[in-house]
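*Asks:* One structure coming up, written as structure tokens, with questions to follow.
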Number of protein chains: 4
Amino acid sequence: MASEFRERRRIEFYETDMAGIVHFSNYFRFMESTEHAFFRSLGLALHRDEGQGMTGWARVQASCEYQAPLHYQDEVEIELRVREKGRSTLAYDFVFRRVDAAGATGAQGASAPVARGALHVVHVARAHGGRMQAAAMPAEVARAIEVAPTLETPTRP
Amino acid sequence: MASEFRERRRIEFYETDMAGIVHFSNYFRFMESTEHAFFRSLGLALHRDEGQGMTGWARVQASCEYQAPLHYQDEVEIELRVREKGRSTLAYDFVFRRVDAAGATGAQGASAPVARGALHVVHVARAHGGRMQAAAMPAEVARAIEVAPTLETPTRP
Amino acid sequence: MASEFRERRRIEFYETDMAGIVHFSNYFRFMESTEHAFFRSLGLALHRDEGQGMTGWARVQASCEYQAPLHYQDEVEIELRVREKGRSTLAYDFVFRRVDAAGATGAQGASAPVARGALHVVHVARAHGGRMQAAAMPAEVARAIEVAPTLETPTRP
Amino acid sequence: MASEFRERRRIEFYETDMAGIVHFSNYFRFMESTEHAFFRSLGLALHRDEGQGMTGWARVQASCEYQAPLHYQDEVEIELRVREKGRSTLAYDFVFRRVDAAGATGAQGASAPVARGALHVVHVARAHGGRMQAAAMPAEVARAIEVAPTLETPTRP
């Protein structure tokens, strides 16, 4: 059972805006990317389109708090934690940290958080021509993912 | 003094994803676009880069709740309301409504909300090579923008 | 029969990059948007997804030449001209011009070109689970769209 | 002296569109990303903003030909080759190949090309408040990058 995941990515030029920093909307794309990598790391698919209809995970709520900007070429570590799990729903918390360039020791450490985010998602199914409707999450997802233990120093006080 | 603003836009093909709906990150771009149009409607600039440094409005917090999807070619009406105003900060609430195609009467009405969002922004200044720091909002902004009256039927119960 | 179309749009903050100008990839989104507005102006649909399969217009080739940058809040006029038309294919040329703010006369004129682009597209159909394959364009498209007359001063010498 | 570079990336959900494939505009972002990784691999910076002004590489021309679509979660290999080098200009050719999943041997091979692209870029400098102007490329770039040898089977006949 998995409840946490981390991955790193490098900020692209096309993810910046004229203020010289990463555009705030891109943090939501980064969260999605980490969520999908979390599923992939467990051998799970987030989205299926199989001829007779589509299943996926619709976004119900998304939020982000920005503490410090990210810049072009920054390496950022994104940590996902599963906060809630229902019959058809999952809620994730995310922490974004900038990875500091290696010093003399060669060690690379993640900085203090530069942003925190959250996503609430619901598993949905849709027959062709029909509407998306909430549906119980697949059994293999329910077996593979669990709620993360509460941190002693809570990330969202 | 202005406290509300509405604009309409049509959903572009490139704003959709493989689920056949508008990607959830784009709602944040739509909020920004409406915020900028609100400023422009008042003759105000949101972002200045004037040789000796930059001033702008950094995003501190962004959130969105999704009630129903938006699709390619949908016309959407975005309503902005000013919820809070500080010395250097503004908070906006947004409501997204799909515009129903004109019927026999030729009237075009906005639907029930399909999404609700919020942005908290802070006025910042940065000298070249320096860090962005919070700064009192320009006097012309403080004169032009005020908090919207509370709705009798609250939009965020 | 139509062979030309023009529309205007205002550059959004989120369309800029850290060089302070519109990111070059966005011109391709602008071309798509104008192509779709051209179809819409003729009562035609560019993309259909009707339960038994999908039809659309796949991009075969795309190009753009950049003469001068576009900036935040610039108003830009995009002109589409139909250059070629085959059984299942269309080729468009595009010219991007910045719209100069109204002067004393109140007139708004389009500037010299800031960019020129081209798209080659092919009408495709796909059964569910199948591959996209070229298919003759719908009869209503073939009836509505024709090749534009050659300009005396060619736009692509 | 370097004249070629390859990198791999995985297609993100947010890079797809409602046709279920990667949006054609994103190939231009992928080319930029590979160009920047090429520079980074040589210890070179593509963009500088140093208080007294900005230098960078403006796009003069961009093009892409699409042979087969890319889908969500595809791994794609992008090959860059330097085609031309002038005093202030570089021209790159790109080939996109889908990486086939490992078979019984564990080997991962790149497919036939799914797309080919090209970028022409010019080194530019801009003083604050001024216009971007072509400028000789930095000496360290001129020393590090050279034109790739012609392929016996040319990639762009």
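Lettering and numbering for the structure tokens are positional, with chains as A, B, ... in the shown order, residues counted from 1 in each chain, and ligands counted from 1 in the shown order.
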Excluding stretch 21-25 of chain A and its own-chain neighbours fewer than 2 positions away, which residues fall within 9 Å of it when counting only C-alpha atoms? Please give them as a PyMOL selection string.

*Replies:* (chain A and resi 11-19+27-29+64+66+69-72) or (chain B and resi 25-29+59+62) or (chain C and resi 14+17-18)

*Asks:* From a DSSP calculation on the backbone, collect every residue of stretch 63-144 of chain D in alpha helix (DSSP H) and output the set as a ChimeraX atom specification.

*Replies:* /D:139-144

*Asks:* As a compact mmCIF listing (two decimals) with N, CA, C and O atoms, in the first residue's frame, please: the residues near D:His120 (cut-off 6 Å, only C-alpha atoms, same-chain neighbours under 5 positions excluded).

*Replies:*
# COMPACT_ATOMS: atom_id res chain seq x y z
N VAL D 60 13.46 32.67 -35.21
CA VAL D 60 13.23 33.34 -36.49
C VAL D 60 12.27 32.52 -37.33
O VAL D 60 11.42 33.05 -38.03
N GLN D 61 12.41 31.21 -37.25
CA GLN D 61 11.56 30.34 -38.04
C GLN D 61 11.40 29.03 -37.29
O GLN D 61 12.35 28.55 -36.66
N LEU D 90 21.90 29.97 -35.49
CA LEU D 90 21.98 28.51 -35.51
C LEU D 90 20.69 27.98 -36.12
O LEU D 90 19.62 28.57 -35.93
N ALA D 91 20.80 26.87 -36.86
CA ALA D 91 19.61 26.17 -37.34
C ALA D 91 19.71 24.72 -36.88
O ALA D 91 20.78 24.11 -37.01

*Asks:* If you run DSSP over the backbone, which residues in chain D end up strand (DSSP E)? Put them as a ChimeraX atom specification.

*Replies:* /D:4-10,48-49,54-66,75-85,89-99,110-126,133-134

*Asks:* Have a look at atom CA of D:Thr150 and atom CA of D:Leu80 and let me know their distance in Å, one decimal.

*Replies:* 13.2 Å

*Asks:* Excluding B:Arg81 and residues on its chain fewer than 2 positions from it, collect all residues at most 7 Å away from it, counting only C-alpha atoms, and give them as a list in words.

*Replies:*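 Listed by chain and then number, they are Ser3, Glu4, Phe5, Glu79, Arg83, Tyr92, Asp93, Phe94 and Ala148 of chain B.
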
*Asks:* Which one is closest to chain A: D:His47, D:Arg6, D:Arg131, D:Arg87? Count only C-alpha atoms.

*Replies:*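 Once distances to chain A are computed over only C-alpha atoms, the minimum belongs to D:His47.
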
*Asks:* Of the candidates B:His36, B:Arg98, B:Arg48, B:Arg143, which shows the shortest atom-to-atom distance to chain A, using only C-alpha atoms?

*Replies:*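 Closest candidate: B:Arg48.
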
*Asks:* To one decimal place, how far is atom CA of D:Met31 from atom CA of B:Asp49 in Å?

*Replies:*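 Distance between the two atoms: 29.0 Å.
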
*Asks:* From the set A:Ala110, A:Leu42, A:Val121, A:Met1, which residue has the shortest atom-to-atom contact distance to chain B, counting only C-alpha atoms?

*Replies:*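 For chain B, the nearest of the given residues is A:Val121.
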